[in-house]
>>> print(open('final-v4.pdb').read())   # PDB, C-alpha atoms, pLDDT in the B column
ATOM      1  CA  MET A   1     123.508  71.255  79.217  1.00 78.00           C
ATOM      2  CA  HIS A   2     120.678  70.750  76.750  1.00 93.00           C
ATOM      3  CA  VAL A   3     118.801  67.717  75.521  1.00 95.00           C
ATOM      4  CA  THR A   4     120.368  66.747  72.195  1.00 96.00           C
ATOM      5  CA  PHE A   5     118.469  66.355  68.948  1.00 95.00           C
ATOM      6  CA  GLU A   6     119.081  62.611  69.105  1.00 96.00           C
ATOM      7  CA  GLN A   7     117.685  62.429  72.658  1.00 96.00           C
ATOM      8  CA  ALA A   8     114.694  64.548  71.675  1.00 97.00           C
ATOM      9  CA  GLN A   9     114.014  62.244  68.739  1.00 97.00           C
ATOM     10  CA  LYS A  10     114.243  59.139  70.950  1.00 97.00           C
ATOM     11  CA  ALA A  11     111.841  60.705  73.449  1.00 97.00           C
ATOM     12  CA  MET A  12     109.469  61.658  70.658  1.00 97.00           C
ATOM     13  CA  ASP A  13     109.551  58.162  69.130  1.00 98.00           C
ATOM     14  CA  SER A  14     108.882  56.517  72.496  1.00 98.00           C
ATOM     15  CA  ALA A  15     106.020  58.904  73.288  1.00 98.00           C
ATOM     16  CA  ILE A  16     104.460  58.258  69.869  1.00 98.00           C
ATOM     17  CA  ARG A  17     104.688  54.484  70.411  1.00 98.00           C
ATOM     18  CA  GLU A  18     103.032  54.817  73.830  1.00 98.00           C
ATOM     19  CA  SER A  19     100.284  57.019  72.383  1.00 98.00           C
ATOM     20  CA  GLU A  20      99.596  54.474  69.654  1.00 98.00           C
ATOM     21  CA  LYS A  21      99.646  51.635  72.200  1.00 98.00           C
ATOM     22  CA  ILE A  22      96.864  53.264  74.243  1.00 97.00           C
ATOM     23  CA  GLY A  23      94.941  54.386  71.158  1.00 97.00           C
ATOM     24  CA  THR A  24      95.318  58.147  71.426  1.00 97.00           C
ATOM     25  CA  ARG A  25      96.430  60.923  69.083  1.00 97.00           C
ATOM     26  CA  MET A  26      98.707  63.455  70.729  1.00 97.00           C
ATOM     27  CA  CYS A  27     100.667  66.622  70.297  1.00 98.00           C
ATOM     28  CA  ILE A  28     104.137  66.081  71.753  1.00 98.00           C
ATOM     29  CA  ALA A  29     106.720  68.790  72.422  1.00 98.00           C
ATOM     30  CA  VAL A  30     110.305  68.507  73.661  1.00 98.00           C
ATOM     31  CA  VAL A  31     112.120  71.610  74.892  1.00 98.00           C
ATOM     32  CA  ASP A  32     115.750  72.074  75.855  1.00 97.00           C
ATOM     33  CA  SER A  33     116.906  73.332  79.263  1.00 95.00           C
ATOM     34  CA  GLY A  34     116.281  76.920  78.151  1.00 96.00           C
ATOM     35  CA  ALA A  35     112.634  75.960  77.451  1.00 97.00           C
ATOM     36  CA  ASP A  36     113.155  76.458  73.713  1.00 97.00           C
ATOM     37  CA  LEU A  37     111.386  74.035  71.374  1.00 97.00           C
ATOM     38  CA  LYS A  38     113.672  71.214  70.232  1.00 97.00           C
ATOM     39  CA  ALA A  39     111.164  68.810  68.637  1.00 97.00           C
ATOM     40  CA  PHE A  40     107.426  68.742  68.025  1.00 98.00           C
ATOM     41  CA  VAL A  41     104.864  66.467  66.418  1.00 98.00           C
ATOM     42  CA  ARG A  42     101.125  66.690  65.958  1.00 98.00           C
ATOM     43  CA  MET A  43     100.009  63.145  65.241  1.00 98.00           C
ATOM     44  CA  ASP A  44      97.370  62.703  62.547  1.00 97.00           C
ATOM     45  CA  GLY A  45      93.994  63.334  64.130  1.00 97.00           C
ATOM     46  CA  ALA A  46      95.343  65.180  67.191  1.00 97.00           C
ATOM     47  CA  TRP A  47      93.441  68.296  68.208  1.00 97.00           C
ATOM     48  CA  VAL A  48      94.769  71.595  66.906  1.00 97.00           C
ATOM     49  CA  GLY A  49      94.117  73.141  70.328  1.00 97.00           C
ATOM     50  CA  SER A  50      96.568  70.690  71.867  1.00 97.00           C
ATOM     51  CA  VAL A  51      99.528  72.210  69.989  1.00 98.00           C
ATOM     52  CA  ASP A  52      99.810  75.197  72.330  1.00 97.00           C
ATOM     53  CA  ILE A  53      98.998  73.115  75.411  1.00 97.00           C
ATOM     54  CA  ALA A  54     101.751  70.536  74.718  1.00 98.00           C
ATOM     55  CA  ILE A  55     104.368  73.248  74.220  1.00 98.00           C
ATOM     56  CA  LYS A  56     103.274  75.115  77.355  1.00 97.00           C
ATOM     57  CA  LYS A  57     103.301  71.896  79.400  1.00 97.00           C
ATOM     58  CA  ALA A  58     106.900  71.237  78.321  1.00 98.00           C
ATOM     59  CA  ARG A  59     107.939  74.826  79.064  1.00 97.00           C
ATOM     60  CA  THR A  60     106.189  74.780  82.448  1.00 96.00           C
ATOM     61  CA  ALA A  61     107.909  71.522  83.476  1.00 96.00           C
ATOM     62  CA  CYS A  62     111.239  72.988  82.393  1.00 96.00           C
ATOM     63  CA  PHE A  63     110.775  76.378  84.087  1.00 95.00           C
ATOM     64  CA  PHE A  64     110.029  74.793  87.463  1.00 92.00           C
ATOM     65  CA  SER A  65     111.853  71.443  87.198  1.00 92.00           C
ATOM     66  CA  MET A  66     108.800  69.440  88.179  1.00 92.00           C
ATOM     67  CA  ASN A  67     105.827  67.651  86.701  1.00 94.00           C
ATOM     68  CA  THR A  68     103.050  70.008  85.706  1.00 95.00           C
ATOM     69  CA  GLY A  69     100.607  67.983  87.809  1.00 93.00           C
ATOM     70  CA  GLN A  70     102.699  68.754  90.899  1.00 92.00           C
ATOM     71  CA  ILE A  71     102.581  72.451  90.065  1.00 93.00           C
ATOM     72  CA  GLY A  72      98.824  72.103  89.684  1.00 92.00           C
ATOM     73  CA  GLU A  73      98.532  70.715  93.204  1.00 92.00           C
ATOM     74  CA  LEU A  74     100.564  73.631  94.580  1.00 90.00           C
ATOM     75  CA  SER A  75      98.602  76.229  92.606  1.00 90.00           C
ATOM     76  CA  GLN A  76      95.130  75.495  93.963  1.00 93.00           C
ATOM     77  CA  PRO A  77      93.321  78.288  95.854  1.00 94.00           C
ATOM     78  CA  GLY A  78      95.113  78.782  99.154  1.00 93.00           C
ATOM     79  CA  GLY A  79      98.213  76.971  97.866  1.00 91.00           C
ATOM     80  CA  PRO A  80     101.714  78.474  97.850  1.00 90.00           C
ATOM     81  CA  LEU A  81     101.739  78.864  94.051  1.00 89.00           C
ATOM     82  CA  TYR A  82      98.141  80.031  93.575  1.00 92.00           C
ATOM     83  CA  GLY A  83      97.906  82.078  90.359  1.00 92.00           C
ATOM     84  CA  ILE A  84     101.257  80.935  88.944  1.00 92.00           C
ATOM     85  CA  GLU A  85      99.589  79.912  85.664  1.00 91.00           C
ATOM     86  CA  HIS A  86      99.352  83.611  84.774  1.00 93.00           C
ATOM     87  CA  SER A  87     103.136  84.048  84.791  1.00 91.00           C
ATOM     88  CA  ASN A  88     105.611  83.444  81.957  1.00 90.00           C
ATOM     89  CA  ASP A  89     103.073  84.219  79.209  1.00 89.00           C
ATOM     90  CA  GLY A  90     100.837  81.425  80.484  1.00 90.00           C
ATOM     91  CA  LEU A  91     101.619  78.091  82.094  1.00 93.00           C
ATOM     92  CA  ILE A  92      99.786  74.782  82.132  1.00 94.00           C
ATOM     93  CA  THR A  93      99.315  73.352  85.610  1.00 93.00           C
ATOM     94  CA  PHE A  94      97.691  69.983  84.964  1.00 94.00           C
ATOM     95  CA  PRO A  95      99.449  66.667  84.170  1.00 96.00           C
ATOM     96  CA  GLY A  96     101.290  65.987  80.922  1.00 97.00           C
ATOM     97  CA  GLY A  97     104.488  68.003  81.336  1.00 97.00           C
ATOM     98  CA  VAL A  98     107.557  66.181  82.675  1.00 96.00           C
ATOM     99  CA  PRO A  99     111.134  67.433  83.169  1.00 95.00           C
ATOM    100  CA  ILE A 100     114.025  65.514  81.610  1.00 95.00           C
ATOM    101  CA  VAL A 101     116.945  65.011  83.996  1.00 93.00           C
ATOM    102  CA  ASP A 102     120.258  63.407  83.050  1.00 90.00           C
ATOM    103  CA  GLU A 103     122.146  60.740  85.001  1.00 87.00           C
ATOM    104  CA  ASN A 104     123.895  63.483  87.028  1.00 86.00           C
ATOM    105  CA  GLY A 105     120.615  64.980  88.222  1.00 86.00           C
ATOM    106  CA  VAL A 106     120.866  67.974  85.864  1.00 89.00           C
ATOM    107  CA  LEU A 107     117.787  69.320  84.088  1.00 93.00           C
ATOM    108  CA  ILE A 108     118.379  69.052  80.322  1.00 95.00           C
ATOM    109  CA  GLY A 109     114.864  69.750  79.048  1.00 96.00           C
ATOM    110  CA  ALA A 110     111.251  68.675  79.328  1.00 97.00           C
ATOM    111  CA  ILE A 111     108.458  67.003  77.400  1.00 98.00           C
ATOM    112  CA  GLY A 112     104.848  68.105  77.135  1.00 98.00           C
ATOM    113  CA  VAL A 113     101.967  66.010  75.833  1.00 98.00           C
ATOM    114  CA  SER A 114      98.359  66.961  75.126  1.00 98.00           C
ATOM    115  CA  GLY A 115      95.462  65.309  73.362  1.00 97.00           C
ATOM    116  CA  SER A 116      93.709  62.934  75.732  1.00 97.00           C
ATOM    117  CA  SER A 117      92.911  62.650  79.434  1.00 96.00           C
ATOM    118  CA  VAL A 118      95.522  64.156  81.730  1.00 95.00           C
ATOM    119  CA  GLU A 119      96.314  60.625  82.939  1.00 96.00           C
ATOM    120  CA  ASN A 120      97.052  59.508  79.369  1.00 97.00           C
ATOM    121  CA  ASP A 121      98.997  62.690  78.655  1.00 97.00           C
ATOM    122  CA  HIS A 122     101.207  62.050  81.696  1.00 96.00           C
ATOM    123  CA  GLN A 123     101.669  58.356  80.782  1.00 97.00           C
ATOM    124  CA  VAL A 124     102.819  59.266  77.272  1.00 98.00           C
ATOM    125  CA  ALA A 125     105.139  62.009  78.562  1.00 97.00           C
ATOM    126  CA  LYS A 126     106.741  59.621  81.071  1.00 96.00           C
ATOM    127  CA  ALA A 127     107.292  57.066  78.301  1.00 97.00           C
ATOM    128  CA  GLY A 128     109.155  59.730  76.339  1.00 97.00           C
ATOM    129  CA  VAL A 129     111.373  60.703  79.244  1.00 96.00           C
ATOM    130  CA  GLU A 130     112.208  57.207  80.456  1.00 94.00           C
ATOM    131  CA  VAL A 131     114.136  56.287  77.284  1.00 95.00           C
ATOM    132  CA  ILE A 132     116.601  59.151  77.723  1.00 93.00           C
ATOM    133  CA  GLY A 133     116.762  60.036  81.406  1.00 80.00           C
ATOM    134  CA  MET A 134     114.921  60.499  84.650  1.00 74.00           C
ATOM    135  CA  ALA A 135     111.769  62.465  85.356  1.00 65.00           C
ATOM    136  CA  ASP A 136     112.633  63.774  88.813  1.00 63.00           C
ATOM    137  CA  VAL A 137     115.004  66.539  89.799  1.00 62.00           C
ATOM    138  CA  PRO A 138     116.726  65.422  93.017  1.00 59.00           C
ATOM    139  CA  GLU A 139     115.931  67.376  96.186  1.00 63.00           C
ATOM    140  CA  HIS A 140     113.566  69.891  94.651  1.00 57.00           C
ATOM    141  CA  PRO A 141     112.629  72.564  97.240  1.00 56.00           C
ATOM    142  CA  TRP A 142     108.859  72.289  96.601  1.00 52.00           C
ATOM    143  CA  ARG A 143     108.689  68.502  96.956  1.00 48.00           C
ATOM    144  CA  THR A 144     106.430  67.376  99.743  1.00 47.00           C
TER     145      THR A 144
END
>>> encode(input="final-v4.pdb", output="structure tokens")
Amino acid sequence: MHVTFEQAQKAMDSAIRESEKIGTRMCIAVVDSGADLKAFVRMDGAWVGSVDIAIKKARTACFFSMNTGQIGELSQPGGPLYGIEHSNDGLITFPGGVPIVDENGVLIGAIGVSGSSVENDHQVAKAGVEVIGMADVPEHPWRT
């Protein structure tokens, strides 16, 4: 099952509102469950370099069904996923990518946000997800 266009648009609208509320300019990407781009926006004034980062955050969250910040924790030197960022044509392993899970616990896509601090990126991504679903995949094997 994939995130629908309508869901992607709702997530995008909510993320934009949250970005404006905290005074940031973001790049926001929504991917479907196959990690293919479904919706994207680069807000006026958002960094050009954040385009690629937002898309890769969304793809990373989708590929591994977890927040990119969690992957970052697991990919530190000595960690079980050390070096993972070099796979899949490049991943982003810091906060701002969040999976989108439906009411049945099924991954339907992900959102990636870039353009501010990683804390703000994550806050804006969560705001996008919360209007259409959950942000946690139940019983993920890497959860600690």
>>> closest_residue(input="final-v4.pdb", among="A:Thr4, A:Ile28, A:Gln76, A:Ala11", to="Ile132 (chain A)", atoms="all atoms listed in the file")
A:Ala11
>>> residues_near_point(input="final-v4.pdb", point="(109.7, 66.5, 74.4)", cutoff="10 Å", atoms="all atoms listed in the file", output="PDB file with C-alpha atoms, in the frame of the given file")
ATOM      1  CA  VAL A   3     118.801  67.717  75.521  1.00 95.00           C
ATOM      2  CA  GLN A   7     117.685  62.429  72.658  1.00 96.00           C
ATOM      3  CA  ALA A   8     114.694  64.548  71.675  1.00 97.00           C
ATOM      4  CA  GLN A   9     114.014  62.244  68.739  1.00 97.00           C
ATOM      5  CA  LYS A  10     114.243  59.139  70.950  1.00 97.00           C
ATOM      6  CA  ALA A  11     111.841  60.705  73.449  1.00 97.00           C
ATOM      7  CA  MET A  12     109.469  61.658  70.658  1.00 97.00           C
ATOM      8  CA  ASP A  13     109.551  58.162  69.130  1.00 98.00           C
ATOM      9  CA  ALA A  15     106.020  58.904  73.288  1.00 98.00           C
ATOM     10  CA  CYS A  27     100.667  66.622  70.297  1.00 98.00           C
ATOM     11  CA  ILE A  28     104.137  66.081  71.753  1.00 98.00           C
ATOM     12  CA  ALA A  29     106.720  68.790  72.422  1.00 98.00           C
ATOM     13  CA  VAL A  30     110.305  68.507  73.661  1.00 98.00           C
ATOM     14  CA  VAL A  31     112.120  71.610  74.892  1.00 98.00           C
ATOM     15  CA  ASP A  32     115.750  72.074  75.855  1.00 97.00           C
ATOM     16  CA  LEU A  37     111.386  74.035  71.374  1.00 97.00           C
ATOM     17  CA  LYS A  38     113.672  71.214  70.232  1.00 97.00           C
ATOM     18  CA  ALA A  39     111.164  68.810  68.637  1.00 97.00           C
ATOM     19  CA  PHE A  40     107.426  68.742  68.025  1.00 98.00           C
ATOM     20  CA  VAL A  41     104.864  66.467  66.418  1.00 98.00           C
ATOM     21  CA  ALA A  54     101.751  70.536  74.718  1.00 98.00           C
ATOM     22  CA  ILE A  55     104.368  73.248  74.220  1.00 98.00           C
ATOM     23  CA  LYS A  57     103.301  71.896  79.400  1.00 97.00           C
ATOM     24  CA  ALA A  58     106.900  71.237  78.321  1.00 98.00           C
ATOM     25  CA  ARG A  59     107.939  74.826  79.064  1.00 97.00           C
ATOM     26  CA  GLY A  97     104.488  68.003  81.336  1.00 97.00           C
ATOM     27  CA  VAL A  98     107.557  66.181  82.675  1.00 96.00           C
ATOM     28  CA  PRO A  99     111.134  67.433  83.169  1.00 95.00           C
ATOM     29  CA  ILE A 100     114.025  65.514  81.610  1.00 95.00           C
ATOM     30  CA  GLY A 109     114.864  69.750  79.048  1.00 96.00           C
ATOM     31  CA  ALA A 110     111.251  68.675  79.328  1.00 97.00           C
ATOM     32  CA  ILE A 111     108.458  67.003  77.400  1.00 98.00           C
ATOM     33  CA  GLY A 112     104.848  68.105  77.135  1.00 98.00           C
ATOM     34  CA  VAL A 113     101.967  66.010  75.833  1.00 98.00           C
ATOM     35  CA  ALA A 125     105.139  62.009  78.562  1.00 97.00           C
ATOM     36  CA  GLY A 128     109.155  59.730  76.339  1.00 97.00           C
ATOM     37  CA  VAL A 129     111.373  60.703  79.244  1.00 96.00           C
TER      38      VAL A 129
END
>>> atom_distance(input="final-v4.pdb", atom1="CA of Leu81 (chain A)", atom2="CA of Phe64 (chain A)")
11.3 Å
>>> closest_residue(input="final-v4.pdb", among="A:Ile108, A:Ser14, A:Ser114, A:Gly78", to="Val48 (chain A)", atoms="only C-alpha atoms")
A:Ser114
>>> residues_near_point(input="final-v4.pdb", point="(99.4, 61.2, 63.9)", cutoff="9 Å", atoms="all atoms listed in the file", output="list in words")
Ile16, Glu20, Arg25, Met26, Cys27, Val41, Arg42, Met43, Asp44, Gly45 and Ala46 of chain A
>>> write_last_selection(input="final-v4.pdb", atoms="C-alpha atoms", output="mmCIF file, in the coordinates of the input")
data_model
loop_
_atom_site.group_PDB
_atom_site.id
_atom_site.type_symbol
_atom_site.label_atom_id
_atom_site.label_comp_id
_atom_site.auth_asym_id
_atom_site.auth_seq_id
_atom_site.Cartn_x
_atom_site.Cartn_y
_atom_site.Cartn_z
ATOM 1 C CA ILE A 16 104.460 58.258 69.869
ATOM 2 C CA GLU A 20 99.596 54.474 69.654
ATOM 3 C CA ARG A 25 96.430 60.923 69.083
ATOM 4 C CA MET A 26 98.707 63.455 70.729
ATOM 5 C CA CYS A 27 100.667 66.622 70.297
ATOM 6 C CA VAL A 41 104.864 66.467 66.418
ATOM 7 C CA ARG A 42 101.125 66.690 65.958
ATOM 8 C CA MET A 43 100.009 63.145 65.241
ATOM 9 C CA ASP A 44 97.370 62.703 62.547
ATOM 10 C CA GLY A 45 93.994 63.334 64.130
ATOM 11 C CA ALA A 46 95.343 65.180 67.191
#
>>> atom_distance(input="final-v4.pdb", atom1="CA of Asp52 (chain A)", atom2="CA of Phe94 (chain A)")
13.8 Å
>>> resolve_selection(input="final-v4.pdb", expression="the PyMOL selection byres ((chain A and resi 117) around 12)", output="VMD selection string")
chain A and resid 19 22 to 26 50 94 to 96 113 to 116 118 to 124
>>> write_last_selection(input="final-v4.pdb", atoms="C-alpha atoms", output="PDB file, in the coordinates of the input")
ATOM      1  CA  SER A  19     100.284  57.019  72.383  1.00 98.00           C
ATOM      2  CA  ILE A  22      96.864  53.264  74.243  1.00 97.00           C
ATOM      3  CA  GLY A  23      94.941  54.386  71.158  1.00 97.00           C
ATOM      4  CA  THR A  24      95.318  58.147  71.426  1.00 97.00           C
ATOM      5  CA  ARG A  25      96.430  60.923  69.083  1.00 97.00           C
ATOM      6  CA  MET A  26      98.707  63.455  70.729  1.00 97.00           C
ATOM      7  CA  SER A  50      96.568  70.690  71.867  1.00 97.00           C
ATOM      8  CA  PHE A  94      97.691  69.983  84.964  1.00 94.00           C
ATOM      9  CA  PRO A  95      99.449  66.667  84.170  1.00 96.00           C
ATOM     10  CA  GLY A  96     101.290  65.987  80.922  1.00 97.00           C
ATOM     11  CA  VAL A 113     101.967  66.010  75.833  1.00 98.00           C
ATOM     12  CA  SER A 114      98.359  66.961  75.126  1.00 98.00           C
ATOM     13  CA  GLY A 115      95.462  65.309  73.362  1.00 97.00           C
ATOM     14  CA  SER A 116      93.709  62.934  75.732  1.00 97.00           C
ATOM     15  CA  VAL A 118      95.522  64.156  81.730  1.00 95.00           C
ATOM     16  CA  GLU A 119      96.314  60.625  82.939  1.00 96.00           C
ATOM     17  CA  ASN A 120      97.052  59.508  79.369  1.00 97.00           C
ATOM     18  CA  ASP A 121      98.997  62.690  78.655  1.00 97.00           C
ATOM     19  CA  HIS A 122     101.207  62.050  81.696  1.00 96.00           C
ATOM     20  CA  GLN A 123     101.669  58.356  80.782  1.00 97.00           C
ATOM     21  CA  VAL A 124     102.819  59.266  77.272  1.00 98.00           C
TER      22      VAL A 124
END
>>> closest_residue(input="final-v4.pdb", among="A:Ile71, A:Val106, A:His2, A:Ala35", to="Gly83 (chain A)", atoms="all atoms listed in the file")
A:Ile71
>>> closest_residue(input="final-v4.pdb", among="A:Phe5, A:Thr93, A:Glu103, A:Asn88", to="Glu73 (chain A)", atoms="all atoms listed in the file")
A:Thr93
>>> atom_distance(input="final-v4.pdb", atom1="CA of Asp89 (chain A)", atom2="CA of Pro77 (chain A)")
20.2 Å
>>> closest_residue(input="final-v4.pdb", among="A:Ala127, A:Asp102, A:Arg17, A:Phe63", to="Ser87 (chain A)", atoms="only C-alpha atoms")
A:Phe63
>>> closest_residue(input="final-v4.pdb", among="A:Met1, A:Leu91, A:Leu74, A:Leu107", to="Thr60 (chain A)", atoms="only C-alpha atoms")
A:Leu91
